[in-house]
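See below for coords-v1.csv, which holds CSV, C-alpha atoms and all ligand atoms.
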```csv
chain,number,residue,atom,x,y,z
A,1,MET,CA,21.0,37.0,-22.6
A,2,ILE,CA,21.1,40.8,-23.0
A,3,MET,CA,23.8,42.6,-21.2
A,4,GLY,CA,22.3,45.1,-18.8
A,5,PRO,CA,24.0,47.8,-16.7
A,6,ILE,CA,26.9,47.0,-14.4
A,7,THR,CA,26.7,47.9,-10.7
A,8,ARG,CA,30.2,48.8,-9.4
A,9,ILE,CA,31.2,48.7,-5.7
A,10,ASP,CA,34.7,49.6,-4.8
A,11,VAL,CA,36.5,48.0,-2.0
A,12,HIS,CA,38.8,50.8,-0.7
A,13,LEU,CA,42.0,49.3,0.6
A,14,GLY,CA,44.7,51.7,-0.5
A,15,LEU,CA,47.0,50.0,-2.9
A,16,ARG,CA,45.0,46.8,-2.6
A,17,SER,CA,41.7,48.5,-3.7
A,18,TYR,CA,39.6,46.8,-6.3
A,19,PRO,CA,36.1,47.0,-7.9
A,20,VAL,CA,33.3,44.4,-7.6
A,21,LEU,CA,31.4,44.5,-10.8
A,22,ILE,CA,27.9,43.0,-10.7
A,23,GLY,CA,25.8,42.5,-13.8
A,24,HIS,CA,23.6,40.1,-15.7
A,25,GLY,CA,24.6,38.1,-18.7
A,26,TRP,CA,28.0,39.7,-19.3
A,27,LEU,CA,30.5,36.8,-18.8
A,28,ARG,CA,31.0,36.7,-22.5
A,29,SER,CA,32.7,40.1,-22.3
A,30,ILE,CA,35.0,39.1,-19.3
A,31,GLY,CA,38.1,39.3,-21.4
A,32,GLU,CA,37.5,42.8,-22.5
A,33,THR,CA,36.6,43.8,-18.9
A,34,LEU,CA,39.9,42.4,-17.6
A,35,ARG,CA,41.8,44.5,-20.2
A,36,ASP,CA,39.7,47.6,-19.3
A,37,GLN,CA,40.8,47.0,-15.7
A,38,GLY,CA,44.4,47.2,-16.7
A,39,LEU,CA,45.2,43.4,-16.5
A,40,LYS,CA,47.6,43.0,-19.3
A,41,GLN,CA,48.9,39.5,-18.8
A,42,THR,CA,49.6,37.4,-21.9
A,43,ASP,CA,48.3,34.2,-20.5
A,44,ALA,CA,45.4,33.1,-18.2
A,45,PHE,CA,45.2,30.2,-15.8
A,46,VAL,CA,41.7,29.4,-14.8
A,47,ILE,CA,41.0,27.4,-11.6
A,48,THR,CA,37.5,25.9,-11.5
A,49,ASP,CA,35.7,22.7,-10.7
A,50,PRO,CA,34.3,20.1,-13.2
A,51,GLN,CA,30.7,21.2,-12.6
A,52,VAL,CA,31.3,25.0,-13.1
A,53,GLY,CA,34.0,24.4,-15.7
A,54,GLY,CA,31.6,22.3,-17.8
A,55,LEU,CA,29.1,25.1,-17.7
A,56,LEU,CA,31.1,28.2,-18.1
A,57,PHE,CA,34.8,27.6,-19.0
A,58,GLU,CA,34.2,27.6,-22.8
A,59,GLU,CA,32.5,31.0,-22.7
A,60,VAL,CA,35.3,32.4,-20.5
A,61,ARG,CA,38.0,30.9,-22.7
A,62,LEU,CA,36.5,32.4,-25.9
A,63,SER,CA,36.2,35.8,-24.3
A,64,LEU,CA,39.7,35.7,-23.0
A,65,ALA,CA,41.0,34.5,-26.4
A,66,SER,CA,39.3,37.3,-28.2
A,67,ALA,CA,40.7,39.9,-25.7
A,68,GLY,CA,44.2,38.7,-26.7
A,69,PHE,CA,45.1,36.1,-24.0
A,70,ARG,CA,47.5,33.8,-25.8
A,71,THR,CA,46.9,30.7,-23.8
A,72,VAL,CA,44.0,29.9,-21.4
A,73,LEU,CA,44.8,26.9,-19.2
A,74,ARG,CA,42.3,25.2,-17.0
A,75,HIS,CA,42.9,23.5,-13.7
A,76,ASP,CA,40.1,21.7,-12.0
A,77,ILE,CA,39.8,20.9,-8.3
A,78,PRO,CA,37.1,18.4,-7.2
A,79,VAL,CA,33.6,19.7,-6.6
A,80,GLY,CA,32.6,20.6,-3.1
A,81,GLU,CA,34.1,21.2,0.4
A,82,GLU,CA,36.0,18.0,0.5
A,83,GLY,CA,38.2,19.3,-2.2
A,84,LYS,CA,39.2,22.3,-0.1
A,85,ASN,CA,42.2,20.6,1.3
A,86,TRP,CA,46.0,20.7,1.4
A,87,ASP,CA,46.6,18.1,-1.4
A,88,GLU,CA,44.4,20.0,-3.8
A,89,PHE,CA,46.0,23.3,-2.8
A,90,SER,CA,49.4,21.7,-3.5
A,91,GLY,CA,48.1,20.3,-6.8
A,92,ALA,CA,47.0,23.8,-7.9
A,93,CYS,CA,50.4,25.2,-7.0
A,94,ALA,CA,52.1,22.4,-9.0
A,95,ALA,CA,49.9,23.2,-12.0
A,96,LEU,CA,50.7,26.9,-11.7
A,97,LEU,CA,54.4,26.1,-11.6
A,98,ALA,CA,54.1,23.9,-14.7
A,99,ALA,CA,52.2,26.7,-16.4
A,100,SER,CA,54.8,29.4,-15.6
A,101,PRO,CA,58.2,27.9,-15.0
A,102,GLU,CA,59.8,31.4,-15.4
A,103,ALA,CA,59.0,34.6,-13.5
A,104,GLY,CA,58.5,36.4,-16.7
A,105,SER,CA,55.6,34.2,-17.8
A,106,VAL,CA,53.2,34.5,-14.9
A,107,PRO,CA,49.6,34.1,-16.1
A,108,LEU,CA,46.6,36.0,-14.7
A,109,VAL,CA,44.9,33.6,-12.3
A,110,ILE,CA,41.2,33.5,-12.7
A,111,LEU,CA,39.0,31.7,-10.1
A,112,LEU,CA,35.8,30.6,-11.7
A,113,GLY,CA,33.5,29.0,-9.2
A,114,GLY,CA,32.0,29.0,-5.8
A,115,GLY,CA,33.6,29.7,-2.4
A,116,VAL,CA,35.7,26.5,-2.5
A,117,VAL,CA,37.4,27.4,-5.8
A,118,GLY,CA,37.8,31.0,-4.6
A,119,ASP,CA,39.3,30.2,-1.2
A,120,LEU,CA,41.7,27.5,-2.5
A,121,GLY,CA,42.6,29.4,-5.7
A,122,GLY,CA,43.1,32.7,-3.9
A,123,PHE,CA,45.5,31.0,-1.4
A,124,ALA,CA,47.5,29.3,-4.2
A,125,ALA,CA,47.7,32.7,-6.1
A,126,GLY,CA,48.8,34.4,-2.9
A,127,VAL,CA,51.8,32.1,-2.2
A,128,PHE,CA,52.9,31.2,-5.7
A,129,ARG,CA,56.0,33.4,-6.4
A,130,ARG,CA,55.0,35.3,-3.2
A,131,GLY,CA,51.8,36.4,-4.8
A,132,VAL,CA,50.5,36.8,-8.4
A,133,PRO,CA,47.4,38.8,-9.5
A,134,PHE,CA,44.1,37.0,-9.5
A,135,VAL,CA,40.5,37.7,-10.3
A,136,GLN,CA,37.4,36.2,-8.7
A,137,ILE,CA,34.4,35.2,-10.9
A,138,PRO,CA,31.9,34.0,-8.3
A,139,THR,CA,29.3,31.6,-9.6
A,140,THR,CA,27.3,30.8,-6.5
A,141,LEU,CA,25.1,33.1,-4.6
A,142,LEU,CA,27.3,32.5,-1.5
A,143,ALA,CA,30.4,33.4,-3.3
A,144,ALA,CA,28.8,36.5,-4.9
A,145,VAL,CA,27.6,37.9,-1.6
A,146,ASP,CA,30.4,36.8,0.6
A,147,SER,CA,33.5,34.7,-0.1
A,148,SER,CA,34.7,36.4,-3.3
A,149,VAL,CA,35.1,39.8,-1.5
A,150,GLY,CA,37.4,40.5,1.4
A,151,GLY,CA,40.5,38.5,0.6
A,152,LYS,CA,40.3,35.7,3.2
A,153,VAL,CA,41.5,32.7,1.4
A,154,ALA,CA,42.3,29.3,2.9
A,155,VAL,CA,41.9,25.6,2.9
A,156,ASN,CA,40.8,23.2,5.6
A,157,PHE,CA,43.6,21.2,7.4
A,158,GLY,CA,43.9,18.8,10.2
A,159,GLY,CA,40.1,18.7,10.7
A,160,VAL,CA,39.9,22.5,11.2
A,161,LYS,CA,38.0,24.8,8.7
A,162,ASN,CA,40.1,27.4,6.9
A,163,ILE,CA,43.0,26.9,9.3
A,164,MET,CA,45.7,27.3,6.6
A,165,GLY,CA,45.4,30.5,4.7
A,166,ILE,CA,46.3,34.1,4.2
A,167,PHE,CA,44.8,37.5,3.4
A,168,ASN,CA,45.0,38.1,-0.3
A,169,GLN,CA,42.8,40.6,-2.2
A,170,PRO,CA,41.8,40.0,-5.8
A,171,ARG,CA,42.4,42.6,-8.5
A,172,LEU,CA,38.8,42.4,-9.5
A,173,VAL,CA,35.6,40.5,-8.6
A,174,ALA,CA,33.4,40.0,-11.7
A,175,CYS,CA,30.0,38.7,-10.9
A,176,ASP,CA,27.6,37.6,-13.7
A,177,LEU,CA,24.4,36.9,-11.9
A,178,ALA,CA,23.0,35.1,-15.0
A,179,SER,CA,25.4,32.3,-14.2
A,180,LEU,CA,23.4,31.5,-11.0
A,181,GLN,CA,20.6,30.1,-13.1
A,182,THR,CA,22.2,26.7,-13.2
A,183,LEU,CA,22.7,26.5,-9.4
A,184,SER,CA,20.7,23.8,-7.6
A,185,LEU,CA,18.0,25.1,-5.3
A,186,ARG,CA,20.0,23.7,-2.4
A,187,GLU,CA,23.1,25.8,-3.3
A,188,LEU,CA,20.9,28.9,-3.8
A,189,ARG,CA,19.4,28.4,-0.4
A,190,SER,CA,22.9,28.0,1.0
A,191,GLY,CA,23.8,31.4,-0.3
A,192,ALA,CA,20.6,32.9,1.1
A,193,SER,CA,21.8,31.9,4.5
A,194,GLU,CA,24.7,34.4,4.3
A,195,VAL,CA,22.3,37.0,2.9
A,196,ILE,CA,20.0,36.5,6.0
A,197,LYS,CA,23.2,36.7,8.1
A,198,TYR,CA,23.9,40.2,6.7
A,199,GLY,CA,20.4,41.3,7.5
A,200,ALA,CA,20.4,39.8,10.9
A,201,VAL,CA,23.6,41.5,12.2
A,202,CYS,CA,24.5,44.3,9.7
A,203,SER,CA,21.4,45.8,8.2
A,204,ALA,CA,17.9,46.0,9.8
A,205,SER,CA,16.6,47.4,6.5
A,206,LEU,CA,17.8,44.3,4.5
A,207,PHE,CA,16.3,42.0,7.2
A,208,GLU,CA,13.0,43.7,6.8
A,209,GLN,CA,13.2,43.7,3.0
A,210,LEU,CA,13.7,40.0,3.0
A,211,GLU,CA,10.8,39.6,5.4
A,212,ARG,CA,8.6,41.7,3.1
A,213,GLY,CA,8.9,39.1,0.3
A,214,ASP,CA,12.2,39.8,-1.4
A,215,LEU,CA,13.6,36.6,0.0
A,216,GLU,CA,11.4,34.7,-2.3
A,217,ARG,CA,12.2,37.0,-5.2
A,218,LEU,CA,15.9,36.5,-4.5
A,219,LEU,CA,15.5,32.7,-4.5
A,220,ALA,CA,13.5,33.0,-7.8
A,221,LEU,CA,16.5,35.0,-9.2
A,222,GLU,CA,14.4,38.0,-10.2
A,223,PRO,CA,17.2,40.1,-11.8
A,224,GLU,CA,16.4,43.4,-10.1
A,225,VAL,CA,16.0,42.1,-6.6
A,226,LEU,CA,19.0,39.7,-7.1
A,227,THR,CA,21.2,42.6,-8.2
A,228,ASP,CA,20.0,44.9,-5.5
A,229,ILE,CA,20.5,42.4,-2.7
A,230,VAL,CA,23.9,41.1,-3.9
A,231,ALA,CA,25.0,44.7,-4.2
A,232,GLN,CA,23.8,45.5,-0.7
A,233,CYS,CA,25.6,42.5,0.7
A,234,VAL,CA,28.8,43.3,-1.1
A,235,ALA,CA,28.6,46.9,0.1
A,236,LEU,CA,28.1,45.7,3.7
A,237,LYS,CA,31.0,43.4,3.4
A,238,ALA,CA,33.2,46.0,1.8
A,239,ALA,CA,32.5,48.5,4.6
A,240,VAL,CA,33.5,45.9,7.2
A,241,VAL,CA,36.6,44.8,5.4
A,242,GLU,CA,37.7,48.4,4.8
A,243,GLN,CA,37.7,49.0,8.6
A,244,ASP,CA,39.5,45.7,9.5
A,245,GLU,CA,41.2,44.2,6.5
A,246,PHE,CA,43.4,41.9,8.5
A,247,ASP,CA,40.8,40.9,11.1
A,248,LYS,CA,42.7,42.5,13.9
A,249,LYS,CA,40.3,45.1,15.3
A,250,GLY,CA,37.3,42.9,16.0
A,251,VAL,CA,35.1,44.7,13.4
A,252,ARG,CA,35.3,41.8,10.9
A,253,ASN,CA,34.0,39.4,13.6
A,254,VAL,CA,30.5,40.4,12.7
A,255,LEU,CA,30.7,38.3,9.6
A,256,ASN,CA,31.2,35.3,11.8
A,257,PHE,CA,27.6,35.3,13.2
A,258,GLY,CA,26.6,31.7,13.3
A,259,HIS,CA,30.0,30.5,12.2
A,260,THR,CA,31.4,29.3,15.5
A,261,PHE,CA,28.7,26.7,15.9
A,262,GLY,CA,28.2,26.4,12.2
A,263,HIS,CA,31.8,25.7,11.1
A,264,ALA,CA,32.1,23.1,13.9
A,265,LEU,CA,28.9,21.4,12.8
A,266,GLU,CA,29.9,21.6,9.1
A,267,LEU,CA,33.1,19.7,9.8
A,268,SER,CA,31.6,17.3,12.4
A,269,ALA,CA,28.7,16.3,10.1
A,270,ASP,CA,31.3,15.1,7.6
A,271,TYR,CA,30.1,17.6,5.0
A,272,ALA,CA,26.6,16.3,4.9
A,273,LEU,CA,25.6,20.0,5.3
A,274,THR,CA,26.4,22.8,2.9
A,275,HIS,CA,28.2,25.8,4.4
A,276,GLY,CA,25.0,27.9,4.4
A,277,GLU,CA,22.9,25.1,6.0
A,278,ALA,CA,25.5,24.7,8.8
A,279,ILE,CA,25.5,28.5,9.3
A,280,ALA,CA,21.7,28.6,9.4
A,281,ILE,CA,21.8,26.2,12.3
A,282,GLY,CA,24.7,28.0,13.8
A,283,MET,CA,22.8,31.3,13.7
A,284,ILE,CA,19.9,29.7,15.6
A,285,ALA,CA,22.3,28.3,18.3
A,286,ALA,CA,24.1,31.6,18.6
A,287,THR,CA,20.7,33.4,19.0
A,288,ARG,CA,19.6,31.0,21.7
A,289,LEU,CA,22.9,31.7,23.4
A,290,ALA,CA,22.2,35.5,23.1
A,291,ILE,CA,18.8,35.0,24.6
A,292,ALA,CA,20.2,33.0,27.5
A,293,LEU,CA,22.7,35.8,28.1
A,294,GLY,CA,19.9,38.3,28.2
A,295,GLN,CA,21.1,40.4,25.2
A,296,CYS,CA,18.4,39.4,22.7
A,297,GLU,CA,14.6,39.1,22.7
A,298,PRO,CA,12.9,35.8,21.8
A,299,ARG,CA,11.1,37.8,19.1
A,300,PHE,CA,14.3,38.1,17.2
A,301,LEU,CA,14.7,34.3,17.2
A,302,GLU,CA,11.1,33.9,15.9
A,303,ARG,CA,11.9,36.3,13.0
A,304,LEU,CA,15.2,34.7,12.2
A,305,THR,CA,13.6,31.2,12.3
A,306,GLY,CA,10.9,32.5,10.0
A,307,LEU,CA,13.3,33.8,7.4
A,308,LEU,CA,15.5,30.7,7.5
A,309,THR,CA,12.4,28.4,7.2
A,310,ARG,CA,11.0,30.4,4.3
A,311,ALA,CA,14.4,30.0,2.6
A,312,GLY,CA,14.2,26.2,3.0
A,313,LEU,CA,17.1,26.2,5.4
A,314,PRO,CA,17.4,23.9,8.4
A,315,THR,CA,17.2,25.3,11.9
A,316,SER,CA,18.3,22.1,13.6
A,317,HIS,CA,20.2,19.0,12.8
A,318,SER,CA,19.4,15.4,13.7
A,319,ASP,CA,21.5,14.2,16.5
A,320,ALA,CA,23.8,11.2,16.0
A,321,PRO,CA,26.0,9.2,18.4
A,322,GLY,CA,29.0,11.3,19.3
A,323,LEU,CA,28.0,14.3,17.3
A,324,PHE,CA,27.5,16.7,20.2
A,325,ASP,CA,31.0,15.9,21.5
A,326,ARG,CA,32.6,16.2,18.1
A,327,VAL,CA,31.0,19.6,17.5
A,328,LEU,CA,32.1,20.9,20.9
A,329,ARG,CA,35.7,19.7,20.3
A,330,ALA,CA,35.7,21.3,16.8
A,331,MET,CA,34.5,24.6,18.4
A,332,GLN,CA,37.3,24.5,20.8
A,333,LEU,CA,39.8,24.2,17.9
A,334,ASP,CA,38.2,27.2,16.2
A,335,LYS,CA,40.8,29.8,15.4
A,336,LYS,CA,38.6,32.5,16.9
A,337,PHE,CA,39.0,30.9,20.3
A,338,ARG,CA,42.1,32.6,21.5
A,339,GLU,CA,44.1,31.4,24.5
A,340,GLY,CA,41.3,29.2,25.6
A,341,ARG,CA,38.8,32.0,25.8
A,342,ASN,CA,35.7,31.5,23.8
A,343,VAL,CA,34.4,34.3,21.6
A,344,PHE,CA,30.9,34.5,20.2
A,345,VAL,CA,29.3,37.0,17.8
A,346,LEU,CA,25.8,37.3,19.2
A,347,PRO,CA,22.8,39.3,17.8
A,348,THR,CA,20.9,41.9,19.8
A,349,VAL,CA,18.2,43.4,17.5
A,350,PRO,CA,18.1,43.1,13.7
A,351,GLY,CA,21.1,44.8,12.2
A,352,ALA,CA,23.2,44.9,15.4
A,353,TRP,CA,25.4,42.6,17.4
A,354,GLN,CA,27.7,42.2,20.4
A,355,GLN,CA,30.8,40.2,20.9
A,356,ARG,CA,30.8,38.1,24.1
A,357,GLU,CA,33.9,36.4,25.5
A,358,ASN,CA,34.3,33.8,28.2
A,359,VAL,CA,30.7,32.7,28.0
A,360,GLU,CA,30.0,30.1,30.6
A,361,TRP,CA,30.5,26.7,28.9
A,362,PRO,CA,27.2,25.1,30.1
A,363,LEU,CA,25.3,27.9,28.3
A,364,VAL,CA,27.2,27.1,25.1
A,365,GLU,CA,26.5,23.4,25.5
A,366,ALA,CA,22.8,24.1,26.1
A,367,ALA,CA,22.6,26.3,22.9
A,368,LEU,CA,24.3,23.5,20.9
A,369,ARG,CA,22.0,20.8,22.5
A,370,SER,CA,19.0,22.9,21.4
A,371,VAL,CA,19.8,22.5,17.7
A,372,LEU,CA,20.7,18.8,17.8
A,373,VAL,CA,17.3,17.1,17.9
B,401,LIG,N1,36.6,33.6,2.1
B,401,LIG,C1,35.5,34.0,2.7
B,401,LIG,O1,35.4,35.1,3.2
B,401,LIG,C2,34.3,33.0,2.8
B,401,LIG,C3,33.1,33.5,3.2
B,401,LIG,C4,32.0,32.6,3.2
B,401,LIG,C5,32.2,31.2,2.8
B,401,LIG,N2,33.5,30.8,2.5
B,401,LIG,C6,33.7,29.4,2.0
B,401,LIG,O2,33.0,29.2,0.9
B,401,LIG,C7,32.8,27.8,0.7
B,401,LIG,C8,31.4,27.6,0.3
B,401,LIG,O3,31.2,28.2,-1.0
B,401,LIG,P1,30.0,27.7,-1.9
B,401,LIG,O4,28.7,27.7,-1.2
B,401,LIG,O5,30.1,28.7,-3.1
B,401,LIG,O6,30.3,26.2,-2.3
B,401,LIG,P2,31.1,25.5,-3.5
B,401,LIG,O7,32.2,26.3,-4.0
B,401,LIG,O8,31.4,24.1,-3.0
B,401,LIG,O9,29.9,25.4,-4.6
B,401,LIG,C9,28.8,24.7,-4.3
B,401,LIG,C10,28.4,23.8,-5.5
B,401,LIG,O10,27.8,24.5,-6.5
B,401,LIG,C11,28.4,24.1,-7.7
B,401,LIG,N3,28.3,25.3,-8.6
B,401,LIG,C12,29.0,26.5,-8.4
B,401,LIG,N4,28.6,27.4,-9.3
B,401,LIG,C13,27.6,26.8,-10.0
B,401,LIG,C14,26.8,27.3,-11.1
B,401,LIG,N5,26.8,28.5,-11.5
B,401,LIG,N6,25.9,26.4,-11.6
B,401,LIG,C15,25.8,25.1,-11.1
B,401,LIG,N7,26.5,24.7,-10.1
B,401,LIG,C16,27.4,25.5,-9.6
B,401,LIG,C17,29.8,23.7,-7.4
B,401,LIG,O11,30.3,22.8,-8.4
B,401,LIG,C18,29.6,23.0,-6.1
B,401,LIG,O12,29.1,21.7,-6.3
B,401,LIG,C19,33.1,27.2,2.1
B,401,LIG,O13,34.3,26.5,2.0
B,401,LIG,C20,33.2,28.4,3.0
B,401,LIG,O14,34.1,28.2,4.0
B,401,LIG,C21,34.5,31.7,2.4
B,402,ZN,ZN,30.1,31.8,5.8
```

Could you write out this file's structure as structure tokens?
Amino acid sequence: MIMGPITRIDVHLGLRSYPVLIGHGWLRSIGETLRDQGLKQTDAFVITDPQVGGLLFEEVRLSLASAGFRTVLRHDIPVGEEGKNWDEFSGACAALLAASPEAGSVPLVILLGGGVVGDLGGFAAGVFRRGVPFVQIPTTLLAAVDSSVGGKVAVNFGGVKNIMGIFNQPRLVACDLASLQTLSLRELRSGASEVIKYGAVCSASLFEQLERGDLERLLALEPEVLTDIVAQCVALKAAVVEQDEFDKKGVRNVLNFGHTFGHALELSADYALTHGEAIAIGMIAATRLAIALGQCEPRFLERLTGLLTRAGLPTSHSDAPGLFDRVLRAMQLDKKFREGRNVFVLPTVPGAWQQRENVEWPLVEAALRSVLV
């Protein structure tokens, strides 16, 4: 693979600022890139999963070794959302402690994988010795456009998504889009769900670009379109995070479009759905709710459904005994529901949104019912 130009997007957060570097076929020079970014650690500690590690660890290890990293340790967490739990988090912390028993020997933590590795590993790096530097190398479309940027890191706990976590920004996000070629179609589609989310509530021009045919080009991993769209999503996310790094001002809520219904469904369906699939269904439910509240035209729902369907994503889920109640309960446990008031991020027109609080519960139930068929 020939190394092409690198697109750089800076996330401006004062002392916690960092670049997101996006390129094609450049993972083999990751060691050099880390050194160029001023990361001078002697050792590296790579957290990955068996699937990604099997595909990419050796290339990363060789590159790190040739850039002078003395040891490159690998710690695997299990593949998939079920591994994003407290025990695995604790296991990663134990491995970090074993790798660096003294404060002087802290390795650079490198998170090589999708959102699960990034979320769990970023949390471990953030609490180990009150925080050690880490780098994200996202290897899924979802991680490239969303989870690797912004510093929200967490694990699931007590049946609640991402309930144990912190804000912890990486030193660098290094995204080699060539590594997406081994992703399953299902995982690619899952990432496309977050891309559609950005278009739906953050950028009318991205929404229209996807509608005009770039959605298919994205899914076909056409390098130019892929780079352009990943860079747009990262820039959109960076702009939101820069205004509301700690999720205190309500600005960051936009990124939760579809996630209140979606997270609850993801957990209640016992991980039968990928994150992106659950969010796709969640966006449909939220849009129906927006229509019921009179803040969105049915035409938006048609356009959103069109894009999700073209991406091969579900827009409903088969009902099962007790599922409706489980999802409702999980929604009420959502950390966005403060002091018993429900909070929803709802679309208005492409590229815009409104937050609604204290929505009448029967409307919420009706929106959920509409996607359980
Ligand atoms: N922190 C945030 O801001 C944020 C934002 C969005 C999502 N998330 C979280 O991200 C997680 C979902 O991330 P995900 O969709 O990347 O899932 P994931 O990390 O589980 O990866 C999906 C699957 O793809 C495999 N895989 C990864 N890279 C591959 C590659 N290059 N080739 C082949 N297979 C590969 C993995 O082994 C896994 O089986 C969820 O837990 C979600 O809550 C976090
Ligand atoms: Zn998401």

Kindly provide the residues of chain A that approach ligand LIG 401 (chain B) to within 8 Å, each paired with its closest atom pair and their distance in Å to one decimal, based on only C-alpha atoms and all ligand atoms, listed by chain and increasing number, as a Markdown table.
```
| residue | atom | partner | partner_atom | distance |
| --- | --- | --- | --- | --- |
| A:Asp49 | CA | B:LIG401 | O11 | 5.9 |
| A:Pro50 | CA | B:LIG401 | O11 | 6.8 |
| A:Gln51 | CA | B:LIG401 | O11 | 4.5 |
| A:Val52 | CA | B:LIG401 | C13 | 5.2 |
| A:Leu55 | CA | B:LIG401 | N6 | 7.0 |
| A:Leu56 | CA | B:LIG401 | N5 | 7.9 |
| A:Val79 | CA | B:LIG401 | O11 | 4.9 |
| A:Gly80 | CA | B:LIG401 | O8 | 3.7 |
| A:Glu81 | CA | B:LIG401 | O8 | 5.2 |
| A:Lys84 | CA | B:LIG401 | O13 | 6.8 |
| A:Gly113 | CA | B:LIG401 | N4 | 5.2 |
| A:Gly114 | CA | B:LIG401 | O7 | 3.3 |
| A:Gly115 | CA | B:LIG401 | O3 | 3.2 |
| A:Val116 | CA | B:LIG401 | O7 | 3.8 |
| A:Val117 | CA | B:LIG401 | O7 | 5.6 |
| A:Gly118 | CA | B:LIG401 | N1 | 7.3 |
| A:Asp119 | CA | B:LIG401 | N1 | 5.5 |
| A:Pro138 | CA | B:LIG401 | N4 | 7.4 |
| A:Thr139 | CA | B:LIG401 | N4 | 4.3 |
| A:Thr140 | CA | B:LIG401 | N4 | 4.6 |
| A:Leu141 | CA | B:LIG401 | O5 | 6.8 |
| A:Leu142 | CA | B:LIG401 | O5 | 5.0 |
| A:Ala143 | CA | B:LIG401 | O5 | 4.7 |
| A:Asp146 | CA | B:LIG401 | C3 | 5.0 |
| A:Ser147 | CA | B:LIG401 | C2 | 3.5 |
| A:Ser148 | CA | B:LIG401 | N1 | 6.4 |
| A:Val149 | CA | B:LIG401 | O1 | 6.7 |
| A:Gly150 | CA | B:LIG401 | O1 | 6.0 |
| A:Gly151 | CA | B:LIG401 | N1 | 6.4 |
| A:Lys152 | CA | B:LIG401 | N1 | 4.4 |
| A:Val153 | CA | B:LIG401 | N1 | 5.0 |
| A:Ala154 | CA | B:LIG401 | N1 | 7.2 |
| A:Val155 | CA | B:LIG401 | O13 | 7.7 |
| A:Lys161 | CA | B:LIG401 | O14 | 7.0 |
| A:Asn162 | CA | B:LIG401 | O14 | 6.7 |
| A:Ser179 | CA | B:LIG401 | N5 | 4.9 |
| A:Leu180 | CA | B:LIG401 | N5 | 4.6 |
| A:Gln181 | CA | B:LIG401 | N5 | 6.6 |
| A:Thr182 | CA | B:LIG401 | N6 | 4.0 |
| A:Leu183 | CA | B:LIG401 | C15 | 3.8 |
| A:Ser184 | CA | B:LIG401 | C15 | 6.3 |
| A:Glu187 | CA | B:LIG401 | O10 | 5.8 |
| A:Ser190 | CA | B:LIG401 | O4 | 6.2 |
| A:Gly191 | CA | B:LIG401 | O4 | 6.2 |
| A:Glu194 | CA | B:LIG401 | C4 | 7.6 |
| A:His263 | CA | B:LIG401 | O14 | 7.9 |
| A:Thr274 | CA | B:LIG401 | O4 | 6.8 |
| A:His275 | CA | B:LIG401 | C8 | 5.5 |
| A:Gly276 | CA | B:LIG401 | O4 | 6.7 |
```

Compare A:Val106, A:Leu39, A:Val60, A:Ala144 by their minimum atom-to-atom distance to ligand ZN 402 (chain B), counting only C-alpha atoms and all ligand atoms, and give me the closest one.
A:Ala144

Point-to-point distance in Å for CA of Phe134 in chain A and CA of Gly122 in chain A
7.1 Å

Neighbour list for Glu277 in chain A as number ranges by chain, cut-off 12 Å, only C-alpha atoms, skip fewer than 5 positions in-chain
A: 142, 186-194, 196-197, 258-259, 261-263, 265-266, 269, 271-272, 282-284, 308-309, 311-317

Please measure the separation of CA of Pro107 in chain A and CA of Asn156 in chain A, giving the value in Å to one decimal.
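Going from CA of Pro107 in chain A over to CA of Asn156 in chain A, I get 25.8 Å.
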
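CA of Ile77 in chain A is found 29.8 Å from CA of Leu13 in chain A.
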
All residues 9 Å or closer to Leu27 in chain A, all atoms listed in the file, same chain fewer than 3 positions away omitted, as a ChimeraX atom specification
/A:23-24,30-31,56,59-60,63,137,174-176,178-179

For the selection you just gave me, I'd like the residues written to a file as an mmCIF file, in the frame of the given file, keeping C-alpha atoms.
```cif
data_model
loop_
_atom_site.group_PDB
_atom_site.id
_atom_site.type_symbol
_atom_site.label_atom_id
_atom_site.label_comp_id
_atom_site.auth_asym_id
_atom_site.auth_seq_id
_atom_site.Cartn_x
_atom_site.Cartn_y
_atom_site.Cartn_z
ATOM 1 C CA GLY A 23 25.800 42.500 -13.800
ATOM 2 C CA HIS A 24 23.600 40.100 -15.700
ATOM 3 C CA ILE A 30 35.000 39.100 -19.300
ATOM 4 C CA GLY A 31 38.100 39.300 -21.400
ATOM 5 C CA LEU A 56 31.100 28.200 -18.100
ATOM 6 C CA GLU A 59 32.500 31.000 -22.700
ATOM 7 C CA VAL A 60 35.300 32.400 -20.500
ATOM 8 C CA SER A 63 36.200 35.800 -24.300
ATOM 9 C CA ILE A 137 34.400 35.200 -10.900
ATOM 10 C CA ALA A 174 33.400 40.000 -11.700
ATOM 11 C CA CYS A 175 30.000 38.700 -10.900
ATOM 12 C CA ASP A 176 27.600 37.600 -13.700
ATOM 13 C CA ALA A 178 23.000 35.100 -15.000
ATOM 14 C CA SER A 179 25.400 32.300 -14.200
#
```

Counting all atoms listed in the file, the residue of A:Ala352, A:Ile279, A:Ala286, A:Gly340 that sits nearest ligand ZN 402 (chain B)
A:Ile279

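Each of A:Leu307, A:Cys296, A:Glu224, A:Asn253 was compared to ligand ZN 402 (chain B) using only C-alpha atoms and all ligand atoms, and A:Asn253 turns out to be the nearest.
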
Which neighbours of Ala292 in chain A fall inside 9 Å, counting all atoms listed in the file, when residues of the same chain fewer than 4 positions from it are skipped, and could you give them as JSON, numbers by chain?
{"A": [287, 288, 296, 363, 367]}

Kindly extract all protein, DNA and RNA residues lying within 6 Å of the coordinates (32.2, 19.6, 16.5) given in the file, considering only C-alpha atoms, and supply them as number ranges by chain.
A: 264-265, 268, 326-331
